[in-house]
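As provided, target_27.cif (mmCIF, C-alpha atoms) reads as follows.
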```cif
data_start
loop_
_atom_site.group_PDB
_atom_site.id
_atom_site.type_symbol
_atom_site.label_atom_id
_atom_site.label_comp_id
_atom_site.auth_asym_id
_atom_site.auth_seq_id
_atom_site.Cartn_x
_atom_site.Cartn_y
_atom_site.Cartn_z
ATOM 1 C CA MET A 1 -16.727 13.830 -10.172
ATOM 2 C CA PRO A 2 -14.510 16.828 -9.409
ATOM 3 C CA PRO A 3 -12.253 18.084 -12.185
ATOM 4 C CA PRO A 4 -8.668 16.866 -12.277
ATOM 5 C CA ILE A 5 -5.986 19.035 -10.719
ATOM 6 C CA LEU A 6 -3.044 20.031 -12.902
ATOM 7 C CA VAL A 7 0.283 19.417 -11.174
ATOM 8 C CA ARG A 8 3.648 20.493 -12.545
ATOM 9 C CA ASP A 9 6.078 19.849 -9.697
ATOM 10 C CA TRP A 10 6.306 18.903 -6.043
ATOM 11 C CA ARG A 11 5.002 22.301 -4.888
ATOM 12 C CA THR A 12 1.741 21.987 -6.824
ATOM 13 C CA THR A 13 1.391 18.289 -5.989
ATOM 14 C CA GLU A 14 1.899 18.904 -2.283
ATOM 15 C CA ALA A 15 -0.619 21.772 -2.285
ATOM 16 C CA ALA A 16 -3.233 19.608 -4.007
ATOM 17 C CA LEU A 17 -2.695 16.729 -1.591
ATOM 18 C CA ARG A 18 -2.781 19.002 1.477
ATOM 19 C CA ALA A 19 -6.124 20.381 0.281
ATOM 20 C CA ALA A 20 -7.419 16.855 -0.357
ATOM 21 C CA ARG A 21 -6.351 15.772 3.120
ATOM 22 C CA ALA A 22 -8.123 18.782 4.632
ATOM 23 C CA ASP A 23 -11.414 18.166 2.837
ATOM 24 C CA GLY A 24 -11.261 14.365 2.768
ATOM 25 C CA SER A 25 -11.315 14.113 -1.022
ATOM 26 C CA SER A 26 -9.618 11.634 -3.368
ATOM 27 C CA PRO A 27 -8.222 13.808 -6.146
ATOM 28 C CA THR A 28 -7.142 12.960 -9.646
ATOM 29 C CA LEU A 29 -3.885 14.758 -10.346
ATOM 30 C CA VAL A 30 -2.813 15.152 -13.955
ATOM 31 C CA THR A 31 0.468 16.297 -15.438
ATOM 32 C CA PRO A 32 0.668 18.765 -18.330
ATOM 33 C CA GLU A 33 0.267 17.343 -21.827
ATOM 34 C CA ASP A 34 3.355 15.455 -23.025
ATOM 35 C CA ALA A 35 4.857 15.670 -19.523
ATOM 36 C CA ALA A 36 6.754 12.406 -19.948
ATOM 37 C CA ALA A 37 8.748 13.957 -22.782
ATOM 38 C CA PHE A 38 9.934 17.020 -20.903
ATOM 39 C CA TYR A 39 10.008 15.892 -17.256
ATOM 40 C CA GLY A 40 11.227 12.354 -17.832
ATOM 41 C CA ALA A 41 10.022 9.062 -16.432
ATOM 42 C CA GLY A 42 12.338 9.052 -13.433
ATOM 43 C CA TYR A 43 11.193 12.451 -12.200
ATOM 44 C CA LEU A 44 7.519 11.584 -12.616
ATOM 45 C CA ALA A 45 7.900 8.235 -10.862
ATOM 46 C CA ALA A 46 9.762 9.981 -8.017
ATOM 47 C CA LEU A 47 6.981 12.581 -7.784
ATOM 48 C CA GLN A 48 4.401 9.791 -7.496
ATOM 49 C CA GLU A 49 6.473 7.947 -4.874
ATOM 50 C CA ARG A 50 7.103 11.044 -2.757
ATOM 51 C CA ALA A 51 3.386 11.846 -2.816
ATOM 52 C CA ARG A 52 2.565 8.300 -1.668
ATOM 53 C CA GLN A 53 5.154 8.451 1.117
ATOM 54 C CA GLU A 54 4.200 11.891 2.415
ATOM 55 C CA PHE A 55 0.429 11.504 1.985
ATOM 56 C CA PRO A 56 -0.302 7.818 2.697
ATOM 57 C CA ASP A 57 -3.727 8.797 4.040
ATOM 58 C CA VAL A 58 -4.866 10.481 0.795
ATOM 59 C CA ALA A 59 -6.294 8.250 -1.935
ATOM 60 C CA PHE A 60 -5.150 10.002 -5.100
ATOM 61 C CA THR A 61 -4.456 9.093 -8.697
ATOM 62 C CA LEU A 62 -1.587 10.704 -10.593
ATOM 63 C CA VAL A 63 -2.136 10.521 -14.350
ATOM 64 C CA VAL A 64 1.091 11.038 -16.285
ATOM 65 C CA ASP A 65 0.504 12.293 -19.827
ATOM 66 C CA CYS A 66 2.728 10.587 -22.387
ATOM 67 C CA GLY A 67 1.311 12.281 -25.486
ATOM 68 C CA ASP A 68 1.565 9.950 -28.467
ATOM 69 C CA ALA A 69 5.002 8.586 -27.528
ATOM 70 C CA ALA A 70 4.990 4.853 -26.822
ATOM 71 C CA GLY A 71 8.643 4.996 -25.770
ATOM 72 C CA TYR A 72 7.957 7.554 -23.051
ATOM 73 C CA ALA A 73 4.916 5.572 -21.931
ATOM 74 C CA LEU A 74 7.014 2.424 -21.597
ATOM 75 C CA ALA A 75 9.735 4.328 -19.741
ATOM 76 C CA CYS A 76 7.160 5.639 -17.266
ATOM 77 C CA LEU A 77 5.770 2.147 -16.711
ATOM 78 C CA ARG A 78 9.276 0.738 -16.159
ATOM 79 C CA ALA A 79 9.982 3.544 -13.678
ATOM 80 C CA GLY A 80 6.901 2.587 -11.671
ATOM 81 C CA VAL A 81 4.280 5.118 -12.763
ATOM 82 C CA LYS A 82 0.901 3.475 -12.157
ATOM 83 C CA THR A 83 -1.423 5.526 -14.386
ATOM 84 C CA ILE A 84 -0.498 6.933 -17.786
ATOM 85 C CA SER A 85 -2.473 8.573 -20.568
ATOM 86 C CA MET A 86 -1.835 8.640 -24.286
ATOM 87 C CA GLU A 87 -3.560 10.200 -27.256
ATOM 88 C CA PRO A 88 -4.417 8.316 -29.294
ATOM 89 C CA MET A 89 -4.967 5.329 -27.026
ATOM 90 C CA ASN A 90 -2.560 2.472 -27.744
ATOM 91 C CA GLY A 91 -3.810 -1.087 -27.267
ATOM 92 C CA LYS A 92 -0.339 -2.616 -27.006
ATOM 93 C CA ILE A 93 0.730 -0.130 -24.342
ATOM 94 C CA ALA A 94 -2.559 -0.709 -22.501
ATOM 95 C CA GLU A 95 -1.868 -4.449 -22.392
ATOM 96 C CA ILE A 96 1.718 -3.943 -21.204
ATOM 97 C CA ALA A 97 0.451 -1.564 -18.510
ATOM 98 C CA ARG A 98 -2.074 -4.154 -17.315
ATOM 99 C CA GLN A 99 0.652 -6.792 -17.141
ATOM 100 C CA MET A 100 2.734 -4.423 -15.002
ATOM 101 C CA GLY A 101 -0.107 -3.623 -12.599
ATOM 102 C CA ALA A 102 -0.587 -0.189 -14.114
ATOM 103 C CA GLU A 103 -3.251 1.406 -16.290
ATOM 104 C CA LEU A 104 -3.531 3.384 -19.522
ATOM 105 C CA VAL A 105 -6.440 5.837 -19.312
ATOM 106 C CA ARG A 106 -7.829 8.717 -21.328
ATOM 107 C CA ARG A 107 -6.501 12.071 -20.170
ATOM 108 C CA PRO A 108 -8.953 13.436 -17.594
ATOM 109 C CA THR A 109 -10.631 16.694 -18.563
#
```
Starting from the file, give its structure as structure tokens.
Amino acid sequence: MPPPILVRDWRTTEAALRAARADGSSPTLVTPEDAAAFYGAGYLAALQERARQEFPDVAFTLVVDCGDAAGYALACLRAGVKTISMEPMNGKIAEIARQMGAELVRRPT
């Protein structure tokens, strides 16, 4: 499995998805640690949505790092983020994510 690609904004996300389109890969994109705290749930959900709209032909996963903050994780889920990570893992958040059609995963390395 190829390593995850760190994305910080639309520019880095777009570059990663253009490269994936060119080589036919299905990348895992990951935000910086604690991204939910400093970018905010709305921005990260919008980043995910724009990527899906502009690259519908690229199967990618965007993992939003929520650090250890359950509140930020819940905000991301409510905003529509489909894959979040937390450290340590949180069983209650994982169950809420499942109920919302999303997923709590370990941060890819």
Task: Ground truth for the PyMOL selection byres ((chain A and resi 7-19) around 7), written as a list in words - done: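 Applied to this file, the PyMOL selection byres ((chain A and resi 7-19) around 7) selects Ile5, Leu6, Ala20, Arg21, Ala22, Asp23, Leu29, Val30, Thr31, Pro32 and Leu47 of chain A.
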Take the point (-4.6, 3.9, -30.2) in the file's coordinates, draw a sphere of radius 12 Å around it, and report as a PDB file with C-alpha atoms, in the frame of the given file every protein, DNA or RNA residue with an atom inside or on it, counting only C-alpha atoms.
```pdb
ATOM      1  CA  GLY A  67       1.311  12.281 -25.486  1.00  0.00           C
ATOM      2  CA  ASP A  68       1.565   9.950 -28.467  1.00  0.00           C
ATOM      3  CA  ALA A  69       5.002   8.586 -27.528  1.00  0.00           C
ATOM      4  CA  ALA A  70       4.990   4.853 -26.822  1.00  0.00           C
ATOM      5  CA  SER A  85      -2.473   8.573 -20.568  1.00  0.00           C
ATOM      6  CA  MET A  86      -1.835   8.640 -24.286  1.00  0.00           C
ATOM      7  CA  GLU A  87      -3.560  10.200 -27.256  1.00  0.00           C
ATOM      8  CA  PRO A  88      -4.417   8.316 -29.294  1.00  0.00           C
ATOM      9  CA  MET A  89      -4.967   5.329 -27.026  1.00  0.00           C
ATOM     10  CA  ASN A  90      -2.560   2.472 -27.744  1.00  0.00           C
ATOM     11  CA  GLY A  91      -3.810  -1.087 -27.267  1.00  0.00           C
ATOM     12  CA  LYS A  92      -0.339  -2.616 -27.006  1.00  0.00           C
ATOM     13  CA  ILE A  93       0.730  -0.130 -24.342  1.00  0.00           C
ATOM     14  CA  ALA A  94      -2.559  -0.709 -22.501  1.00  0.00           C
ATOM     15  CA  GLU A  95      -1.868  -4.449 -22.392  1.00  0.00           C
ATOM     16  CA  LEU A 104      -3.531   3.384 -19.522  1.00  0.00           C
ATOM     17  CA  VAL A 105      -6.440   5.837 -19.312  1.00  0.00           C
ATOM     18  CA  ARG A 106      -7.829   8.717 -21.328  1.00  0.00           C
TER      19      ARG A 106
END
```
TODO: Would you work out the distance separating CA of Gly101 in chain A from CA of Tyr39 in chain A, expressed in Å to one decimal?
DONE: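 Those two atoms sit 22.5 Å apart.
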Open item on the list: Can you measure CA of Thr28 in chain A to CA of Pro2 in chain A for me? One decimal in Å is fine.
Closed with: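 CA of Pro2 in chain A lies 8.3 Å from CA of Thr28 in chain A.
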What would the selection look like, as a tab-separated table (two decimals) with C-alpha atoms, in the frame of the given file, if the PyMOL selection byres ((chain A and resi 1) around 12) were run on the coordinates I just shared?
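Contents of out_0.tsv, freshly written:
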```
chain	number	residue	atom	x	y	z
A	2	PRO	CA	-14.51	16.83	-9.41
A	3	PRO	CA	-12.25	18.08	-12.18
A	4	PRO	CA	-8.67	16.87	-12.28
A	5	ILE	CA	-5.99	19.04	-10.72
A	25	SER	CA	-11.32	14.11	-1.02
A	26	SER	CA	-9.62	11.63	-3.37
A	27	PRO	CA	-8.22	13.81	-6.15
A	28	THR	CA	-7.14	12.96	-9.65
A	108	PRO	CA	-8.95	13.44	-17.59
A	109	THR	CA	-10.63	16.69	-18.56
```
TODO: Give the answer as one residue: which of A:Val64, A:Ala51, A:Val58, A:Ala46 has the shortest atom-to-atom distance to Asp34 in chain A, using all atoms listed in the file?
DONE: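 Using all atoms listed in the file, the shortest distance to Asp34 in chain A belongs to A:Val64.
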